[in-house]
Every structure is written in C-alpha cells, then in structure tokens.
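S.K.: My structure is in final-v5.txt, and what it holds is compact mmCIF, C-alpha atoms (C1' of nucleotides):
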# COMPACT_ATOMS: atom_id res chain seq x y z
CA MET A 9 63.22 90.36 261.34
CA SER A 10 59.89 91.31 262.89
CA LYS A 11 59.68 92.48 266.49
CA GLY A 12 58.11 89.20 267.52
CA ALA A 13 60.77 87.02 266.01
CA GLU A 14 63.39 89.27 267.56
CA THR A 15 62.21 88.89 271.13
CA ARG A 16 61.52 85.23 270.54
CA GLU A 17 65.15 84.85 269.58
CA ALA A 18 66.25 86.80 272.65
CA ILE A 19 64.09 84.59 274.86
CA LEU A 20 65.61 81.46 273.34
CA ASP A 21 69.10 82.83 273.92
CA THR A 22 68.33 83.43 277.57
CA ALA A 23 66.56 80.09 277.89
CA THR A 24 69.47 78.22 276.37
CA ARG A 25 71.90 79.86 278.76
CA LEU A 26 69.58 79.04 281.65
CA ALA A 27 69.08 75.45 280.54
CA ARG A 28 72.80 74.86 280.48
CA THR A 29 73.00 75.44 284.20
CA VAL A 30 69.66 74.22 285.59
CA GLY A 31 68.72 71.74 282.88
CA LEU A 32 65.86 71.75 280.43
CA GLY A 33 63.43 70.62 283.09
CA GLY A 34 64.79 73.17 285.52
CA ILE A 35 63.62 76.03 283.35
CA THR A 36 60.56 77.73 284.74
CA ILE A 37 58.29 80.10 282.86
CA GLY A 38 58.47 82.51 285.76
CA THR A 39 62.23 82.62 286.17
CA LEU A 40 62.76 82.68 282.43
CA ALA A 41 60.34 85.58 282.07
CA ALA A 42 62.22 87.43 284.79
CA SER A 43 65.57 86.76 283.12
CA ALA A 44 64.22 87.89 279.77
CA GLU A 45 62.49 90.89 281.36
CA LEU A 46 59.05 90.02 280.11
CA SER A 47 55.82 89.17 281.82
CA LYS A 48 55.03 85.49 282.16
CA SER A 49 52.08 85.78 279.81
CA GLY A 50 54.01 87.91 277.36
CA LEU A 51 56.68 85.31 277.15
CA TYR A 52 54.28 82.42 277.14
CA ALA A 53 52.47 83.77 274.12
CA HIS A 54 55.51 82.96 272.00
CA PHE A 55 55.38 79.27 272.87
CA LYS A 56 52.15 77.42 273.15
CA SER A 57 53.41 75.21 275.95
CA LYS A 58 56.42 74.55 278.09
CA GLU A 59 57.24 71.44 276.13
CA SER A 60 57.22 73.41 272.90
CA LEU A 61 59.57 75.90 274.55
CA GLN A 62 61.94 73.10 275.49
CA LEU A 63 61.89 71.73 271.96
CA GLN A 64 62.63 75.16 270.54
CA VAL A 65 65.46 75.63 273.02
CA LEU A 66 67.00 72.43 271.73
CA GLU A 67 66.55 73.53 268.15
CA HIS A 68 68.07 76.90 268.97
CA GLY A 69 71.00 75.18 270.64
CA ARG A 70 71.47 72.96 267.67
CA GLY A 71 71.70 76.00 265.44
CA ARG A 72 74.37 77.53 267.61
CA PHE A 73 76.23 74.25 267.72
CA THR A 74 76.26 74.06 263.96
CA ARG A 75 77.55 77.59 263.67
CA GLU A 76 80.11 77.47 266.47
CA VAL A 77 81.41 73.93 266.28
CA LEU A 78 80.56 72.20 263.04
CA ALA A 79 81.02 75.12 260.65
CA PRO A 80 84.51 76.15 261.84
CA ALA A 81 85.60 72.53 261.65
CA LEU A 82 84.28 72.11 258.15
CA ALA A 83 86.30 75.17 257.19
CA ALA A 84 89.48 73.23 258.00
CA PRO A 85 91.00 70.92 255.37
CA ARG A 86 89.52 67.43 255.17
CA GLY A 87 91.18 64.67 257.14
CA GLU A 88 93.15 65.01 260.33
CA PRO A 89 93.23 68.82 260.37
CA ARG A 90 89.46 68.81 260.35
CA VAL A 91 89.36 66.22 263.11
CA ARG A 92 91.58 68.42 265.25
CA ALA A 93 89.57 71.51 264.44
CA LEU A 94 86.38 69.75 265.46
CA PHE A 95 87.84 68.64 268.75
CA ASP A 96 89.19 72.10 269.53
CA ALA A 97 85.92 73.73 268.63
CA TRP A 98 84.06 71.37 270.93
CA LEU A 99 86.39 72.06 273.85
CA LYS A 100 85.79 75.73 273.38
CA TRP A 101 82.04 75.15 273.08
CA ASP A 102 81.98 73.29 276.37
CA SER A 103 83.75 76.20 278.05
CA GLN A 104 80.83 78.60 277.77
CA ASP A 105 79.21 78.86 281.14
CA GLY A 106 77.04 75.91 281.98
CA GLY A 107 78.99 73.86 279.46
CA CYS A 108 77.49 71.95 276.56
CA LEU A 109 73.70 72.01 276.58
CA PHE A 110 73.46 68.58 275.03
CA VAL A 111 75.69 66.89 277.55
CA ALA A 112 73.44 68.27 280.28
CA ALA A 113 70.26 67.35 278.44
CA SER A 114 71.52 63.86 277.65
CA SER A 115 71.88 62.59 281.17
CA GLU A 116 68.91 64.56 282.35
CA LEU A 117 66.52 62.99 279.89
CA ASP A 118 68.04 59.64 279.10
CA ASP A 119 65.38 57.87 281.11
CA GLN A 120 62.40 60.15 280.61
CA PRO A 121 60.49 59.18 277.49
CA GLY A 122 58.67 61.79 275.48
CA PRO A 123 59.10 64.24 272.61
CA VAL A 124 61.82 66.20 274.38
CA ARG A 125 63.91 63.13 274.94
CA ASP A 126 63.35 62.15 271.32
CA ALA A 127 64.67 65.52 270.22
CA VAL A 128 67.75 65.18 272.39
CA VAL A 129 68.39 61.76 270.90
CA ARG A 130 68.18 63.21 267.42
CA CYS A 131 70.64 65.98 268.30
CA GLN A 132 73.15 63.60 269.81
CA GLN A 133 72.75 61.08 267.02
CA ASP A 134 73.39 63.81 264.48
CA TRP A 135 76.46 64.96 266.36
CA PHE A 136 77.73 61.41 266.57
CA ASP A 137 77.14 60.96 262.86
CA SER A 138 78.97 64.17 262.00
CA LEU A 139 81.87 63.17 264.17
CA THR A 140 81.98 59.71 262.62
CA MET A 141 81.87 61.17 259.15
CA VAL A 142 84.78 63.51 259.78
CA LEU A 143 86.78 60.61 261.18
CA ARG A 144 85.87 58.38 258.27
CA THR A 145 87.14 61.01 255.87
CA ALA A 146 90.45 61.06 257.71
CA VAL A 147 90.63 57.34 256.99
CA THR A 148 89.76 57.56 253.31
CA GLU A 149 92.15 60.48 252.90
CA GLY A 150 94.93 58.32 254.23
CA TYR A 151 95.62 60.17 257.45
CA PHE A 152 94.49 57.19 259.49
CA ARG A 153 95.10 53.51 258.92
CA ALA A 154 92.57 51.79 256.70
CA ASP A 155 91.57 49.33 259.42
CA VAL A 156 90.48 52.10 261.79
CA ASP A 157 86.81 51.83 262.72
CA PRO A 158 85.43 55.38 262.56
CA GLU A 159 82.49 54.54 264.79
CA GLN A 160 84.69 53.10 267.48
CA LEU A 161 86.93 56.13 267.23
CA ALA A 162 83.92 58.39 267.54
CA PHE A 163 82.91 56.48 270.66
CA ASP A 164 86.39 56.96 272.08
CA ALA A 165 86.62 60.64 271.23
CA ASN A 166 83.19 61.24 272.69
CA GLY A 167 84.43 59.64 275.90
CA VAL A 168 87.35 62.02 276.06
CA MET A 169 85.00 64.97 275.70
CA LEU A 170 82.61 63.70 278.35
CA SER A 171 85.42 63.00 280.74
CA TYR A 172 86.71 66.50 280.11
CA HIS A 173 83.29 67.94 280.82
CA MET A 174 83.13 66.16 284.14
CA SER A 175 86.68 66.82 285.29
CA ASN A 176 86.48 70.43 284.30
CA ARG A 177 82.98 71.47 285.28
CA LEU A 178 82.26 69.28 288.25
CA LEU A 179 85.62 68.54 289.79
CA GLY A 180 87.24 71.77 288.69
CA ASP A 181 90.45 69.97 287.78
CA PRO A 182 92.79 72.58 286.27
CA LYS A 183 94.56 69.86 284.32
CA ALA A 184 91.34 68.73 282.63
CA ALA A 185 92.08 70.37 279.28
CA GLU A 186 95.63 69.09 279.27
CA ARG A 187 94.39 65.57 280.06
CA ALA A 188 91.78 65.75 277.33
CA ARG A 189 94.28 66.92 274.74
CA HIS A 190 96.70 64.23 275.73
CA ALA A 191 94.05 61.52 275.50
CA PHE A 192 92.97 62.85 272.14
CA GLU A 193 96.52 62.86 270.80
CA GLU A 194 96.90 59.25 271.88
CA LEU A 195 93.76 58.33 269.98
CA LEU A 196 95.19 59.98 266.89
CA ASN A 197 98.57 58.33 267.36
CA LYS A 198 96.93 54.94 267.58
CA ALA A 199 94.90 55.64 264.45
CA ARG A 200 97.76 56.77 262.26
CA MET B 13 66.72 47.96 313.36
CA SER B 14 63.89 50.09 314.72
CA LYS B 15 60.70 50.57 312.74
CA GLY B 16 61.67 54.13 311.97
CA ALA B 17 65.08 53.28 310.61
CA GLU B 18 63.49 50.49 308.60
CA THR B 19 61.04 52.67 306.72
CA ARG B 20 63.68 55.35 306.36
CA GLU B 21 65.85 52.82 304.58
CA ALA B 22 62.94 51.76 302.39
CA ILE B 23 62.26 55.39 301.50
CA LEU B 24 65.90 55.95 300.56
CA ASP B 25 65.84 52.85 298.37
CA THR B 26 62.83 54.16 296.51
CA ALA B 27 64.23 57.67 296.35
CA THR B 28 67.51 56.46 294.91
CA ARG B 29 65.74 54.50 292.21
CA LEU B 30 63.60 57.52 291.44
CA ALA B 31 66.56 59.89 291.36
CA ARG B 32 68.32 57.76 288.80
CA THR B 33 65.60 58.43 286.29
CA VAL B 34 64.35 61.94 287.11
CA GLY B 35 67.45 63.36 288.78
CA LEU B 36 68.01 64.50 292.34
CA GLY B 37 66.18 67.74 291.69
CA GLY B 38 63.38 65.90 289.94
CA ILE B 39 62.44 64.09 293.11
CA THR B 40 59.32 65.47 294.68
CA ILE B 41 58.11 64.84 298.20
CA GLY B 42 54.66 64.07 296.82
CA THR B 43 55.68 61.55 294.17
CA LEU B 44 58.22 59.98 296.46
CA ALA B 45 55.61 59.59 299.19
CA ALA B 46 53.27 57.97 296.70
CA SER B 47 56.02 55.61 295.49
CA ALA B 48 56.90 54.71 299.05
CA GLU B 49 53.22 54.40 300.00
CA LEU B 50 53.39 56.92 302.80
CA SER B 51 51.72 60.24 303.38
CA LYS B 52 53.73 63.32 302.49
CA SER B 53 54.00 64.37 306.09
CA GLY B 54 54.76 60.86 307.27
CA LEU B 55 57.64 60.67 304.87
CA TYR B 56 58.77 64.20 305.48
CA ALA B 57 59.11 63.56 309.20
CA HIS B 58 62.10 61.34 308.45
CA PHE B 59 64.01 64.15 306.76
CA LYS B 60 63.93 67.66 308.05
CA SER B 61 64.10 69.19 304.58
CA LYS B 62 64.25 68.25 300.94
CA GLU B 63 67.91 69.15 300.79
CA SER B 64 68.64 66.81 303.66
CA LEU B 65 66.74 64.11 301.80
CA GLN B 66 68.87 64.67 298.71
CA LEU B 67 72.05 64.48 300.74
CA GLN B 68 70.93 61.25 302.36
CA VAL B 69 70.01 59.81 298.97
CA LEU B 70 73.56 60.50 297.83
CA GLU B 71 74.97 58.90 300.96
CA HIS B 72 72.70 55.91 300.50
CA GLY B 73 73.82 55.62 296.88
CA ARG B 74 77.42 55.85 297.90
CA GLY B 75 76.90 52.94 300.27
CA ARG B 76 75.42 50.81 297.54
CA PHE B 77 78.22 51.80 295.18
CA THR B 78 80.81 50.69 297.69
CA ARG B 79 79.06 47.38 298.20
CA GLU B 80 78.25 46.64 294.58
CA VAL B 81 81.21 48.06 292.70
CA LEU B 82 84.18 48.75 294.94
CA ALA B 83 83.93 45.72 297.22
CA PRO B 84 83.71 43.08 294.46
CA ALA B 85 86.66 44.70 292.72
CA LEU B 86 88.75 44.73 295.86
CA ALA B 87 88.02 41.04 296.20
CA ALA B 88 89.95 40.44 292.96
CA PRO B 89 93.75 40.11 293.03
CA ARG B 90 95.73 43.36 293.00
CA GLY B 91 96.87 44.71 289.68
CA GLU B 92 95.28 44.19 286.29
CA PRO B 93 92.72 41.61 287.46
CA ARG B 94 91.39 44.15 289.91
CA VAL B 95 91.31 46.83 287.23
CA ARG B 96 89.22 44.56 285.03
CA ALA B 97 86.93 43.59 287.90
CA LEU B 98 86.34 47.24 288.69
CA PHE B 99 85.46 48.05 285.10
CA ASP B 100 83.11 45.10 284.82
CA ALA B 101 81.43 45.93 288.09
CA TRP B 102 80.86 49.48 286.96
CA LEU B 103 79.34 48.40 283.67
CA LYS B 104 76.94 46.19 285.57
CA TRP B 105 76.22 49.00 288.01
CA ASP B 106 75.30 51.35 285.18
CA SER B 107 72.89 48.76 283.81
CA GLN B 108 70.40 49.01 286.67
CA ASP B 109 67.48 51.01 285.49
CA GLY B 110 68.15 54.69 285.36
CA GLY B 111 71.87 53.96 285.17
CA CYS B 112 74.49 55.32 287.53
CA LEU B 113 73.08 57.82 290.00
CA PHE B 114 76.31 59.78 290.11
CA VAL B 115 76.60 60.23 286.38
CA ALA B 116 73.11 61.68 286.40
CA ALA B 117 73.79 63.85 289.43
CA SER B 118 77.09 65.08 288.04
CA SER B 119 75.81 66.81 284.97
CA GLU B 120 72.64 67.86 286.71
CA LEU B 121 74.44 69.73 289.46
CA ASP B 122 77.76 70.68 287.94
CA ASP B 123 76.68 74.31 287.71
CA GLN B 124 74.41 74.63 290.71
CA PRO B 125 76.43 75.57 293.79
CA GLY B 126 75.33 74.40 297.20
CA PRO B 127 75.68 71.57 299.70
CA VAL B 128 74.19 68.99 297.35
CA ARG B 129 76.65 69.81 294.60
CA ASP B 130 79.44 69.67 297.16
CA ALA B 131 78.35 66.18 298.16
CA VAL B 132 78.27 65.04 294.54
CA VAL B 133 81.77 66.41 294.05
CA ARG B 134 82.99 64.46 297.06
CA CYS B 135 81.42 61.26 295.74
CA GLN B 136 82.93 61.64 292.31
CA GLN B 137 86.30 62.67 293.66
CA ASP B 138 86.35 59.61 295.90
CA TRP B 139 85.44 57.40 292.98
CA PHE B 140 88.15 58.97 290.87
CA ASP B 141 90.66 58.47 293.66
CA SER B 142 89.69 54.83 294.09
CA LEU B 143 90.00 54.25 290.39
CA THR B 144 93.38 55.97 290.27
CA MET B 145 94.61 53.96 293.22
CA VAL B 146 93.64 50.65 291.62
CA LEU B 147 95.41 51.68 288.43
CA ARG B 148 98.48 52.84 290.31
CA THR B 149 98.70 49.48 291.98
CA ALA B 150 98.66 47.81 288.59
CA VAL B 151 101.70 49.93 287.76
CA THR B 152 103.61 49.18 290.94
CA GLU B 153 102.78 45.49 290.61
CA GLY B 154 104.38 45.50 287.19
CA TYR B 155 101.27 44.84 285.12
CA PHE B 156 101.55 48.24 283.49
CA ARG B 157 104.62 50.11 282.29
CA ALA B 158 106.32 52.24 284.92
CA ASP B 159 105.85 55.42 282.91
CA VAL B 160 102.06 55.07 282.86
CA ASP B 161 100.33 58.03 284.53
CA PRO B 162 97.55 56.53 286.67
CA GLU B 163 95.62 59.78 286.78
CA GLN B 164 95.62 60.13 283.03
CA LEU B 165 94.55 56.52 282.71
CA ALA B 166 91.74 57.13 285.19
CA PHE B 167 90.65 60.09 283.08
CA ASP B 168 90.64 57.88 280.00
CA ALA B 169 88.79 55.00 281.62
CA ASN B 170 86.23 57.38 283.03
CA GLY B 171 85.66 58.65 279.51
CA VAL B 172 84.99 55.15 278.26
CA MET B 173 82.40 54.65 280.99
CA LEU B 174 80.69 57.95 280.31
CA SER B 175 80.62 57.29 276.60
CA TYR B 176 79.12 53.89 277.32
CA HIS B 177 76.48 55.46 279.53
CA MET B 178 75.46 57.83 276.77
CA SER B 179 75.55 55.37 273.89
CA ASN B 180 73.70 52.77 275.86
CA ARG B 181 71.10 54.74 277.79
CA LEU B 182 70.40 57.65 275.51
CA LEU B 183 71.09 56.37 272.02
CA GLY B 184 70.22 52.77 272.77
CA ASP B 185 73.16 51.53 270.74
CA PRO B 186 73.21 47.73 271.09
CA LYS B 187 76.93 47.74 270.42
CA ALA B 188 77.66 50.10 273.30
CA ALA B 189 78.98 47.44 275.67
CA GLU B 190 81.11 45.91 272.96
CA ARG B 191 82.53 49.33 272.08
CA ALA B 192 83.24 50.10 275.71
CA ARG B 193 85.02 46.81 276.26
CA HIS B 194 87.06 47.29 273.14
CA ALA B 195 88.07 50.81 274.13
CA PHE B 196 88.98 49.57 277.57
CA GLU B 197 91.11 46.73 276.20
CA GLU B 198 92.96 49.22 274.04
CA LEU B 199 93.71 51.34 277.08
CA LEU B 200 95.11 48.30 278.84
CA ASN B 201 97.13 47.27 275.78
CA LYS B 202 98.67 50.69 275.59
CA ALA B 203 99.50 50.61 279.29
CA ARG B 204 101.19 47.23 279.30
C1' DT C 69 46.72 49.27 333.87
C1' DC C 70 48.39 53.68 333.06
C1' DT C 71 51.69 56.52 330.88
C1' DC C 72 55.02 57.82 327.65
C1' DC C 73 57.12 57.85 323.33
C1' DT C 74 57.54 56.89 318.55
C1' DG C 75 55.75 56.63 313.74
C1' DG C 76 52.70 58.16 310.84
C1' DA C 77 48.12 60.53 308.96
C1' DG C 78 45.50 64.53 307.87
C1' DA C 79 44.73 69.08 306.83
C1' DA C 80 46.36 73.39 305.81
C1' DC C 81 49.77 77.24 304.68
C1' DG C 82 51.92 80.44 301.20
C1' DA C 83 54.41 80.33 297.14
C1' DG C 84 55.17 79.20 292.57
C1' DC C 85 53.89 76.29 288.83
C1' DG C 86 51.88 76.02 283.74
C1' DT C 87 48.17 77.88 281.34
C1' DG C 88 44.25 80.82 279.49
C1' DC C 89 41.74 85.15 278.82
C1' DG C 90 40.53 89.76 277.82
C1' DA C 91 42.36 94.37 277.47
C1' DT C 92 45.88 97.42 275.81
C1' DA C 93 49.94 99.14 273.67
C1' DT C 94 52.95 98.98 269.91
C1' DA C 95 54.57 98.04 265.15
C1' DC C 96 53.89 98.19 260.40
C1' DG C 97 51.64 97.88 255.58
C1' DA C 98 48.25 100.63 253.02
C1' DT D 271 48.44 108.89 258.73
C1' DC D 272 45.50 105.53 259.70
C1' DG D 273 43.82 100.83 260.67
C1' DT D 274 44.72 96.58 261.66
C1' DA D 275 47.55 92.93 263.08
C1' DT D 276 50.55 91.68 266.42
C1' DA D 277 53.08 91.93 270.71
C1' DT D 278 52.74 92.41 275.53
C1' DC D 279 50.41 92.95 279.95
C1' DG D 280 47.57 92.10 284.19
C1' DC D 281 44.98 88.94 286.31
C1' DA D 282 43.17 84.71 287.68
C1' DC D 283 42.51 79.60 287.36
C1' DG D 284 43.52 75.00 289.44
C1' DC D 285 47.43 72.38 291.00
C1' DT D 286 51.50 70.93 293.19
C1' DC D 287 55.37 72.29 295.62
C1' DG D 288 57.99 72.15 300.38
C1' DT D 289 56.87 72.75 304.97
C1' DT D 290 54.38 72.89 309.49
C1' DC D 291 51.12 71.69 312.88
C1' DT D 292 47.89 68.99 315.30
C1' DC D 293 46.26 64.62 316.32
C1' DC D 294 45.97 59.59 316.87
C1' DA D 295 47.36 54.51 317.06
C1' DG D 296 49.97 51.33 319.33
C1' DG D 297 53.95 49.37 321.53
C1' DA D 298 57.39 49.78 325.70
C1' DG D 299 58.22 50.43 330.32
C1' DA D 300 56.46 51.50 334.98
Using structure tokens, write down the structure that the file contains.
M.R.:
Amino acid sequence: MSKGAETREAILDTATRLARTVGLGGITIGTLAASAELSKSGLYAHFKSKESLQLQVLEHGRGRFTREVLAPALAAPRGEPRVRALFDAWLKWDSQDGGCLFVAASSELDDQPGPVRDAVVRCQQDWFDSLTMVLRTAVTEGYFRADVDPEQLAFDANGVMLSYHMSNRLLGDPKAAERARHAFEELLNKAR
Amino acid sequence: MSKGAETREAILDTATRLARTVGLGGITIGTLAASAELSKSGLYAHFKSKESLQLQVLEHGRGRFTREVLAPALAAPRGEPRVRALFDAWLKWDSQDGGCLFVAASSELDDQPGPVRDAVVRCQQDWFDSLTMVLRTAVTEGYFRADVDPEQLAFDANGVMLSYHMSNRLLGDPKAAERARHAFEELLNKAR
DNA sequence: TCTCCTGGAGAACGAGCGTGCGATATACGA
DNA sequence: TCGTATATCGCACGCTCGTTCTCCAGGAGA
C-alpha cells in the first residue's frame, strides 16, 4: 500500500471513530486534522470535499461492518446458529465506543436529503436485507416455522438492537444486554 | 401573555420543528432567526446562550409530548386500552415531520456529555418510566399475566417504536406502520 | 406630557468553518 | 542515485458561527 493510501486509511479510521460520537455532520476538517495529526490542507487533499469525506467514512464503516459483523456470522452454520451469531456480533459491534455508526447516522440524516443520506439508506437497506436473508434461511432450513415472515422478524430483531443501543448508550442501563438477549430469545421461541 | 413570552414561544415552536430535522446541534442561531423572522440579536436576547436555547427546546418538546402523547393515553381506561392508546399516540407523534424529537436527540447526544445530554436522558428516562407504569397497571388490572415483567415489556415496545421510526423515516418502507402494529400485537398476545 | 422599561435591530467581534493555492518535502520507479 | 510524482505544509480567502454592545421604537405608568 502506498504512503498516500496508508494515511488515507488512517484518516478514515479516525474519522469513523469521531463520527460515531459526534455524528457525520459533527465532523470538522479542523478537529479531524488535529486528531489525525495532519494539517488541515494535508488532510483535505485526500478528499476533494467534506461531502466526499463523509461518503468515504460511510464506505469505510461499511467495510468494517462486513468484516466484524457479517463475516463472523457467515462463518457459523446456516440457520439458527447463524442468526444467533449475527445478533451476538452486532451487540459486540455496538459496544465499541460511540456505538454503531449507522444507528447514529440513521437518525441524524433521516430527514436531510442529499447524497450522504442516500448512502446511509443504502447501508441500512443492505444490512436489513442481509438480516432478512439469514432469517429466511433459518426458515427454509427448518429451524423456524414455515409461516414465519422473515421481513417481519427482521423488523422485530432490528427493534431489539435499537432499543439495546438506546438503553445501553443513552440511559446507561446495566441490564440492557440482558434485556436485549431475553427479547431476542423470545423472538426465536415464537419463531420455532 | 406578554409580547416577549409570546415571541419566545413562537421561537421555540420553530426551533423544535427545526431540531427534529437537523438535530439539536444542527440548529444555528442564524438559520433559526431567519426561520422565525427575527434578527439574530433579537432572537438571541431571549436565550442567554445556545446551550440554554437547546435546553429550552427540549423542555418545550417535553411539554408538547405530554400534551399530545401522554395526556390522550391517560384519558383512556386503565390497563390494556391505555397501553394501546399510548402506542397509537406515539405512532402519530412520530409522524409529524422530522419525527420524534427525542429519538433524534437520543442518538445524536448519547456520546456527548454535558447538560444537554443530561436533559435528554431525563426526558427519555421519564418516558420509559411512564411507559413502564402504564404496562405495570395493565398487569395489576389483570389484562396481562402476573409474571409479565413491565420493564422488559417497555424495552420491547420501545424497540418496536424505534424500528418503526427507522423503517418509516429513513427507509421509507410503506409497510412500516403495519409491521409495527403487528409486532406490538404480538407483544400484547404474549403478555396476556 | 414626560419618563421608564421592554423588545428588538444593527453592526461588529474573534474564532472556526470549508476550500484553494503555491511551495516544499518525501517516497519511489528508472 | 537521480528525477519525478506524490504527499504534506503554510497561508489566505470568504463565510458563518455564537456572542456582545449600542441604539431606537413604542407602550405603560406617573
């Protein structure tokens, strides 16, 4: 990897971490440059605009998500074990500091049209689709009843994760994880 | 109401609407002044600082929430009818443009310590407590099984609402409301 | 009528914003 | 090792930010 690509990657790492706590719009070229220990102009040269930076942050985050959440889950056996692995991996993912980038970006941008919002929508839609697919497989593999609607189940599971995010990160409820796991188990029980 | 208090109220109305779409931190004295058709300094005189403005926006929002969500629900008979009324009122509340202010504020500020975050936490904790209380009453009134944990159920219901918010506002899923209602009914079924 | 007091306008501040432009230092293929 | 391409810097731009200060219009009370 060339020097340029290397620092670019380092910048995106820092930016992603930053964005998780202050939001995509909360990132500032100045503060990011300081965090990354570069001059503003030196950093800026890697991205032609702030918007392009935001888009690349999302793309970078998506890559990490694939590696840290999707991939481990796909390593588990198809069906319910994979469903559980996915859920566990997500819980762990949301425990990095600042929590899940996409949860933050979703409610930040849900009413602000533009390319960045479009990108967030694509990320979330992809995630939803992956989740649905994994659940659907659990149906076709016979783990879940045949009349289970994978999309509804994805909606429900997503709710559990979002509620966990809020109880844990905002309210600081120590029982958040326990609650989330319990809710998730109930979803599985109902589906079997 | 004095002239001052009148315009102050008008400003807070505008600010709350604005905050729902761009976030509490996204509010700017300049844009807010333009929206409210006042000069920056004229507006600023009503609030001694931006932080104080944000806090008052939250308080203003909390007032509206009480009037538009809590009050109608408390008008319904205790127990399950009230639980349903609360859920319906919230769904309607989240359908104003920009959606629920507190959902937006929650993930925006969950990792940014300070008085504003503290205020958001109080709002959400109060909401959670109200929700739990209404559910608990449904247990003691015999609508739900005695072994139902109201706090867990509040966690679950909250998840349904958050998932609705995301599916509806971000992804624009036309089935979001249907999905939310279905998920909610299942929660009630399980609790009865 | 004169005098306060309140609500708001206008202009200005220092700081930080995103962005662009040379100049320079560093990395890397020949 | 050299030459060029690339990475990074310093500096400055026009703007907008939150904040402050001075000033004025007009209504209330004497």
S.K.: Under the rule of at most 12 Å, produce a per-residue listing of chain B near chain D: chain, number, name, the closest pair of atoms, and the distance in Å, as CSV, using only C-alpha atoms (C1' of nucleotides).
M.R.:
residue,atom,partner,partner_atom,distance
B:Lys15,CA,D:DG297,C1',11.1
B:Gly38,CA,D:DC287,C1',11.7
B:Ile39,CA,D:DC287,C1',11.1
B:Thr40,CA,D:DC287,C1',7.9
B:Ile41,CA,D:DG288,C1',7.6
B:Gly42,CA,D:DC287,C1',8.3
B:Thr43,CA,D:DT286,C1',10.3
B:Lys52,CA,D:DG288,C1',10.0
B:Ser53,CA,D:DT289,C1',8.9
B:Tyr56,CA,D:DT289,C1',8.8
B:Ala57,CA,D:DT289,C1',10.4
B:Phe59,CA,D:DT289,C1',11.3
B:Lys60,CA,D:DT289,C1',9.2
B:Ser61,CA,D:DG288,C1',8.0
B:Lys62,CA,D:DG288,C1',7.4
B:Glu63,CA,D:DG288,C1',10.4
B:Leu65,CA,D:DG288,C1',12.0
S.K.: Based on all atoms listed in the file, which of the residues in chain C come within 7 Å of chain B? I want them as a ChimeraX atom specification.
M.R.: /C:75-77
S.K.: For the selection you just gave me, I'd like the residues written to a file as a compact mmCIF listing (two decimals), in the frame of the given file, keeping C-alpha atoms (C1' of nucleotides).
M.R.:
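Output (part_38.txt):
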# COMPACT_ATOMS: atom_id res chain seq x y z
C1' DG C 75 55.75 56.63 313.74
C1' DG C 76 52.70 58.16 310.84
C1' DA C 77 48.12 60.53 308.96
S.K.: Taking only C-alpha atoms into account, which residues of chain A are within 8 Å of chain B, as number ranges by chain?
M.R.: A: 29-31, 106, 111-112, 114-120, 129, 132-133, 160, 163-164, 166-172, 174, 177-179, 187, 191
S.K.: At what distance in Å, to one decimal, does atom CA of B:Pro125 lie from atom CA of A:Arg25?
M.R.: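 So the answer is 16.3 Å.
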S.K.: What does the distance from atom CA of B:Asp159 to atom CA of A:Ala185 come to in Å, to one decimal?
M.R.: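 So the two atoms, atom CA of B:Asp159 and atom CA of A:Ala185, lie 20.6 Å apart.
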S.K.: Box for stretch 172-188 of chain B: with edges along x, y and z, all listed atoms inside and 3 Å added on each side, what are the centre and edge lengths in Å to one decimal, as JSON?
M.R.:
{"center_x": 77.6, "center_y": 52.8, "center_z": 275.7, "size_x": 20.8, "size_y": 16.2, "size_z": 16.6}
S.K.: Could you tell me which of A:Ala93, A:Ala23, A:Ala41, A:Cys108 comes closest to A:Phe73 if we count only C-alpha atoms?
M.R.: A:Cys108
S.K.: Compile the contact shell of B:Ala158 as a compact mmCIF listing (two decimals) with C-alpha atoms, keeping the file's coordinate frame: residues with an atom at most 12 Å away, counting all atoms listed in the file, same-chain residues fewer than 3 positions apart removed.
M.R.:
# COMPACT_ATOMS: atom_id res chain seq x y z
CA LEU B 147 95.41 51.68 288.43
CA ARG B 148 98.48 52.84 290.31
CA THR B 149 98.70 49.48 291.98
CA ALA B 150 98.66 47.81 288.59
CA VAL B 151 101.70 49.93 287.76
CA THR B 152 103.61 49.18 290.94
CA GLU B 153 102.78 45.49 290.61
CA GLY B 154 104.38 45.50 287.19
CA TYR B 155 101.27 44.84 285.12
CA ASP B 161 100.33 58.03 284.53
CA PRO B 162 97.55 56.53 286.67
CA ALA B 203 99.50 50.61 279.29
CA ARG B 204 101.19 47.23 279.30
S.K.: Any idea what the distance is between atom CA of B:Ala48 and atom CA of B:Ala22?
M.R.: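 Spanning atom CA of B:Ala48 to atom CA of B:Ala22 is a straight-line distance of 7.5 Å.
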